[in-house]
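Just below is one structure, and these are the notes that go with it.
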Amino acid sequence: MPLSSREIREIFLRFFEERDHRRVSSAPLVPESDPTLMFVNSGMVPFKRALLGEEKRDYVRATSSQKCMRVSGKHNDLENVGRTSRHHTFFEMLGNFSFGDYFKEQAIEQGWTLMTDALGFKADNLVVSVFREDDEAYNIWRNQIGLPESKIYRLDEEENFWSMGDTGPCGPCSEIHFDWGENPNHPNDDPSSETGRFMEVGNLVFMQFDRDSTGKMTPLPKPSIDTGFGLERVAALLQGHRSTWECDAFTPLIARAAELSGVTPGEDAEVDVSLRVAADHARALTFLIGDGVLPSNAGRGYVLRRILRRASRHGKLLGQETPFIHSVADAVIDEMGEAYPDLTERRAYITDRIRREEERFLETLSRGLTLLEGEIGELRAKGVDQLPGPTVFKLYDTFGFPIDLTADILVDHDMTLDQSGFDDAMAGQKTRARAAWKGSGDTAVQEIYGRIASDVTTTFHGYESLDLEAPIAAILKDGAIVSEARQGEAIELVFEETPFYAESGGQVGDSGRIATDSGEVEIRDVIKPVTGLFVHQGIVTKGTLRVDQESRLRVDADSREATVRNHSGTHLLHAALRGVLGGQAMQKGSLVGPDRLRFDFTHDSPLTTAELEAIEDQVNLWIESNQPGETREMDYPSAIRAGAIAIFDEKYGESVRVVSFGDCSTELCGGTHARATGDLGLLRIVSESGIAAGIRRIEALTGIGALRHIREQERLASDAASQLKVPLSELPGRVGRLIEERKQAQKDIDDLRSRKQSGGSSDLFASARDLPGISDAKVIAARVEDVDAKAMRSMVDDLRNRMGTGVVCLAAANGDKALLAIGVTKDLTSKLKAGDLIREVAGVVGGGGGGRPDFAQAGGKDPGRIDQALEKFNEMVDSVGSSEEAVQ
């Protein structure tokens, strides 16, 4: 029985655990502190700073199965996924890493033993490649592993040399390939070819040089190892398949898509492409949304939306008229939930998000088809048989129409599309996208912080103390390291120990003061630009500070206590929300400061007054019960099993901090918290609003801030009651009566205005003249006074209905603007179109507008030219009438 993907993953991780590697959980797909990447695209990304020597960990060997996304680059454009045999958007990268510990010999030995012993590959089916100049690796494979020279290929830098960029760490690599056997048509094949004979299974990167801007490579003092084995490729090969689509990572998903669509895999090549796209894209969508990415029109959200729309479009090609990708995602969670339990926990949220986005797109797809059919009709009427490139691109970019779908539809109409025009529009869009992408969205990791972090790690003591003494480890001014700072300068300070909390997890950084014997700094914020480095930002208020000076660090106690109350308030609020609204109400962001708390959560509709009151009551009951707070350090899997809630957008390490308040709330959190719920005093919700599709926001206050808010609200109500000369208890009734009285007064005014306008319409009707050349047709062109756009429309409708056959144009001055309205009776719209008339007439008063053939409105900025506009109108309708008369 071939090994399953689950078994392969576990065998790989256990193999390296037994060789003293720390098993590290997969990082989220959204990279932490790497502004160069949109998504994690390889197993080494979470270890990048450790590999560069900028970060010290409590282990020097690691192994992981990393979630990865690749949506661009060679073979990975979205339109190709599903058509090749082995490329995907989402995949898992198995890897082992050495941070300055073992090197080539052990890496090669481990890689070969893993493949041939642990996983069971036959040695006869494997070949390897090395960098052409890497004699060391070549000799290890030949002399120590025992491979014949015919199975070791020396390849060029493009294939077997790895670098992180033009400069910096780099080194040769050695790849392990599966060999399907010699192809008579390609007798001199090697692993760099694209003939299909070889499939790369694993890559061993030997990071051993530091390349400078001149190209000179200096050996690193502590070379490192970074390896990557594609789980899906390993599974396909061990299960006897050339294509990864046939391995057990995809077959259940393809089967689900086929079942939902009523098709049979293997009977039609294009149907198979659509089934593969549905399976691959459902995996990508499941993991992206599970890691907190939501559909949007920019950045990561835009990539997610493109993936979903492509999947949905292929559902349409499979005959699906209703959403179905969310059901395939359900199968993804069935298959992957054991390895990634957070998917199971978030199943309802993930599938619901996909379903709703797919519903929206299917509506958009229908509108796109309507647009395309309209464009085809107009072009055919003009004798044009090619759809312009910009229109093709609009269909692609706005409505999700791949170019091949547009081309297929055009074939049915004997038309083609403008490929070069489309390519130009696409190139422009890519240029704009590159310009718009500003990085990961995290604080940009400047090189200077990385250099400091390689020497200094900050230990946080702020859970137990608000002041301590420590020497200054580094001073930064204007982004550069300096040895001292003077009064009035804005600086950043780094210490190896601090009581100051650095902004993270939604909690703002602490404020306070830092003093030495010779100077003092007012700290206004503390940030954590890279893991383990706390940067204290402030202004020198007195004297001078120097590196290595002993300093007294004091956090503002009042500000910290207020922040503590608000942070603990978010935990209780989150628990109460889930209790009242259900488990789908999940945190999507927060801001916790000393003055307020803000909490964003998933929910599809505004909260009712009853729901808000229930949530607020529950939180205050917990506060009243004074349940004790407790913090524990646990490994991540144990914390989740214990019921702790993990937040979507947070990134957790192997060890996590669990914050609990009695049986009310248990969450993973690194923030500062109250000793007991009673410390909050009171929580008051002050607003609830929507901030995005499916995302709501609550703002609230705790403690003295909540009390002050209540007092202010009472004062405002009392002042209003005083002005209306009623007791506070009668204020709502009095306000209600005032509103009704105002409505009645407005109704009376509208009635008077309507009677006045009706009389005005009668006077205008009496001024109607004959339209030359058209029997029984009338023309009214008049200026009216004291009317708004709505009233003018009503007057035009009235006159048009009364005249039977004819055209009317009314104009009015409304402050510094001109208003125009034109109406045409239905029987004349083939000769006179209100929309065409209004464009010309509005131009006279410096405006523009449009509308239907029978009615159109416009505005202009020059009311002084209204009379000329009416003259223009008369000229236009008379010229049409004269033309009709000439024809007769």
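Residue numbering restarts at 1 for every chain of the structure tokens, chains are lettered A, B, ... in their displayed order, and ligands are numbered from 1 as they appear.
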
TODO: Within segment 58-236 of chain A, find each residue whose DSSP state, derived from the backbone, is strand (DSSP E or B), and express the selection as number ranges by chain.
DONE: A: 61-69, 90-98, 126-131, 152-155, 161-163, 168-179, 183, 186, 198-211, 217-230

Asn620 of chain A surroundings by only C-alpha atoms, 9 Å radius, close-in-sequence under 3 positions cut, as a ChimeraX atom specification
/A:615-617,623-625,681-684

Print the selection's residues with N, CA and C atoms to a file, as an mmCIF file, in the first residue's frame.
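Full text of out-v8.cif as output:
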```
data_model
loop_
_atom_site.group_PDB
_atom_site.id
_atom_site.type_symbol
_atom_site.label_atom_id
_atom_site.label_comp_id
_atom_site.auth_asym_id
_atom_site.auth_seq_id
_atom_site.Cartn_x
_atom_site.Cartn_y
_atom_site.Cartn_z
ATOM 1 N N ILE A 615 -24.734 41.657 24.990
ATOM 2 C CA ILE A 615 -23.269 41.562 25.026
ATOM 3 C C ILE A 615 -22.717 42.408 26.168
ATOM 4 N N GLU A 616 -23.179 43.633 26.256
ATOM 5 C CA GLU A 616 -22.696 44.539 27.302
ATOM 6 C C GLU A 616 -23.063 44.016 28.683
ATOM 7 N N ASP A 617 -24.275 43.513 28.839
ATOM 8 C CA ASP A 617 -24.699 42.957 30.139
ATOM 9 C C ASP A 617 -23.818 41.787 30.541
ATOM 10 N N ILE A 623 -17.502 41.177 34.942
ATOM 11 C CA ILE A 623 -16.725 42.142 35.722
ATOM 12 C C ILE A 623 -17.178 42.127 37.174
ATOM 13 N N GLU A 624 -18.479 42.117 37.374
ATOM 14 C CA GLU A 624 -19.038 42.118 38.730
ATOM 15 C C GLU A 624 -18.638 40.869 39.514
ATOM 16 N N SER A 625 -18.513 39.737 38.794
ATOM 17 C CA SER A 625 -18.160 38.477 39.481
ATOM 18 C C SER A 625 -16.679 38.413 39.851
ATOM 19 N N GLY A 681 -13.838 47.502 36.268
ATOM 20 C CA GLY A 681 -14.818 48.428 36.821
ATOM 21 C C GLY A 681 -16.134 48.441 36.066
ATOM 22 N N LEU A 682 -16.061 48.684 34.771
ATOM 23 C CA LEU A 682 -17.266 48.849 33.953
ATOM 24 C C LEU A 682 -16.850 48.811 32.491
ATOM 25 N N LEU A 683 -17.690 48.258 31.613
ATOM 26 C CA LEU A 683 -17.470 48.346 30.178
ATOM 27 C C LEU A 683 -18.714 48.918 29.534
ATOM 28 N N ARG A 684 -18.515 49.909 28.659
ATOM 29 C CA ARG A 684 -19.620 50.569 27.985
ATOM 30 C C ARG A 684 -19.358 50.588 26.481
#
```

Counting only C-alpha atoms, what is within 10 Å of Gly583 of chain A, bar same-chain residues fewer than 5 positions away, as a list in words?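 Once the adjacent positions are removed, what remains is Glu345, Arg346, Ala348, Tyr349, Ala575, Leu577, Arg578 and Thr602 of chain A.
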
With N, CA and C atoms retained, export the selected residues as a PDB file, in the first residue's frame.
```pdb
ATOM      1  N   GLU A 345     -11.595  24.304  13.008  1.00  0.00           N
ATOM      2  CA  GLU A 345     -12.214  25.272  13.906  1.00  0.00           C
ATOM      3  C   GLU A 345     -12.891  26.396  13.124  1.00  0.00           C
ATOM      4  N   ARG A 346     -12.311  26.769  11.998  1.00  0.00           N
ATOM      5  CA  ARG A 346     -12.813  27.904  11.231  1.00  0.00           C
ATOM      6  C   ARG A 346     -13.600  27.476   9.982  1.00  0.00           C
ATOM      7  N   ALA A 348     -16.773  26.839   9.212  1.00  0.00           N
ATOM      8  CA  ALA A 348     -17.976  27.589   8.831  1.00  0.00           C
ATOM      9  C   ALA A 348     -17.605  28.960   8.285  1.00  0.00           C
ATOM     10  N   TYR A 349     -16.647  29.598   8.924  1.00  0.00           N
ATOM     11  CA  TYR A 349     -16.231  30.933   8.481  1.00  0.00           C
ATOM     12  C   TYR A 349     -15.619  30.870   7.084  1.00  0.00           C
ATOM     13  N   ALA A 575     -15.492  37.120  23.965  1.00  0.00           N
ATOM     14  CA  ALA A 575     -16.208  35.957  24.492  1.00  0.00           C
ATOM     15  C   ALA A 575     -17.712  36.204  24.506  1.00  0.00           C
ATOM     16  N   LEU A 577     -19.405  38.295  22.583  1.00  0.00           N
ATOM     17  CA  LEU A 577     -19.868  38.322  21.194  1.00  0.00           C
ATOM     18  C   LEU A 577     -20.127  36.915  20.680  1.00  0.00           C
ATOM     19  N   ARG A 578     -19.182  36.015  20.927  1.00  0.00           N
ATOM     20  CA  ARG A 578     -19.347  34.637  20.460  1.00  0.00           C
ATOM     21  C   ARG A 578     -20.503  33.950  21.179  1.00  0.00           C
ATOM     22  N   THR A 602     -16.136  39.324  12.654  1.00  0.00           N
ATOM     23  CA  THR A 602     -16.881  38.877  11.483  1.00  0.00           C
ATOM     24  C   THR A 602     -18.358  38.725  11.837  1.00  0.00           C
TER      25      THR A 602
END
```

| If you count only C-alpha atoms, which residues fall within 12 Å of segment 365-372 of chain A, apart from same-chain ones fewer than 2 positions away, as a count of residues only? | 43

**Message:** Need to verify the contact set: Trp112 of chain A, 8 Å, only C-alpha atoms, exclusion of same-chain residues closer than 4 positions in sequence. Can you return it as a ChimeraX atom specification?
**Reply:** /A:108,116,145

- Which of these residues is nearest to Ser655 of chain A, using only C-alpha atoms: A:Ala721, A:Val24, A:Val201, A:Leu820?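 Closest to Ser655 of chain A, using only C-alpha atoms: A:Val24.
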
- Task: Tell me, in Å to one decimal, how far atom CA of Gly292 of chain A is from atom CA of Ala27 of chain A.
- Result: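 These two atoms are separated by 12.7 Å.
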
(Q) I'd like to know which residues of segment 177-344 of chain A are helix (DSSP H, G or I) (by DSSP, run on the backbone); could you write them as a VMD selection string? (A) chain A and resid 231 to 238 244 to 246 251 to 261 269 to 290 299 to 317 325 to 336 341 to 344

- Task: With a distance cut-off of 12 Å and only C-alpha atoms, select the neighbouring residues of Glu611 of chain A, excluding the residue or stretch itself and same-chain residues fewer than 5 positions from it, and output the selection as a ChimeraX atom specification.
- Result: /A:576-582,605-606,616-618,685,688
